[in-house]
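As structure tokens, the structure follows; a few thoughts come after it.
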Amino acid sequence: MDPDLREKLFNGEINVLVCQKCGNRALINVALLYRDMHRQYCVQYYPVQAIENAEFFRSFTKDGKLNIDGLSKAMGEIGHYFTEPHIVFDLNKMIKYIRFRDKLHDLHKE
């Protein structure tokens, strides 16, 4: 929805804290969802440490879809792609997947 945020992701400026005094940069290692509404796909980044947390796995069904039990019917209006994000544990892999989907879309334009 916000092209500026997309560019910040591609430039390594998302989930980054910059010290105003010394300029040092530090990654804030938290989950990040990238959603392309036009092409109808999502990529979900999780810190690799999430794999060690049993609670993390409760967010998913056995087949890897998001467990949306108890959420409103609005989820159905968003589209199935939102409940089936491509999961990555590395921000660079998130960017590579987005580029893959961009090129795939460009090749299949009608």
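The way I read the labels, and the way they are meant: chains A, B, ... in the order of the structure tokens, residue 1 as the first residue of every chain, and ligand 1 as the first ligand shown, with later ones counted on from there.
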
| request: Quick one: pick out all alpha helix (DSSP H) residues within chain A from a backbone DSSP run and write them as number ranges by chain. | output: A: 3-10, 54-57, 74-78, 91-107

| request: Would you mind listing what lies within 10 Å of region 95-106 of chain A as a ChimeraX atom specification, with only C-alpha atoms counted and same-chain residues fewer than 2 positions away left out? | output: /A:6,9-12,34-36,39,41-43,86,88,90-93,108-110

Residues near Ala31 (chain A), anyone? I mean within 7 Å using only C-alpha atoms, not counting same-chain ones fewer than 4 positions away, as a PDB file with C-alpha atoms, in the first residue's frame.
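This is the output file out_6.pdb:
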ATOM      1  CA  TYR A  45       9.262 -12.838   8.089  1.00  0.00           C
ATOM      2  CA  TYR A  46       9.880 -14.271  11.540  1.00  0.00           C
ATOM      3  CA  PRO A  47      13.147 -14.177  13.464  1.00  0.00           C
TER       4      PRO A  47
END

| remark: CA of Ala50 (chain A) to CA of Pro3 (chain A) measures 28.2 Å
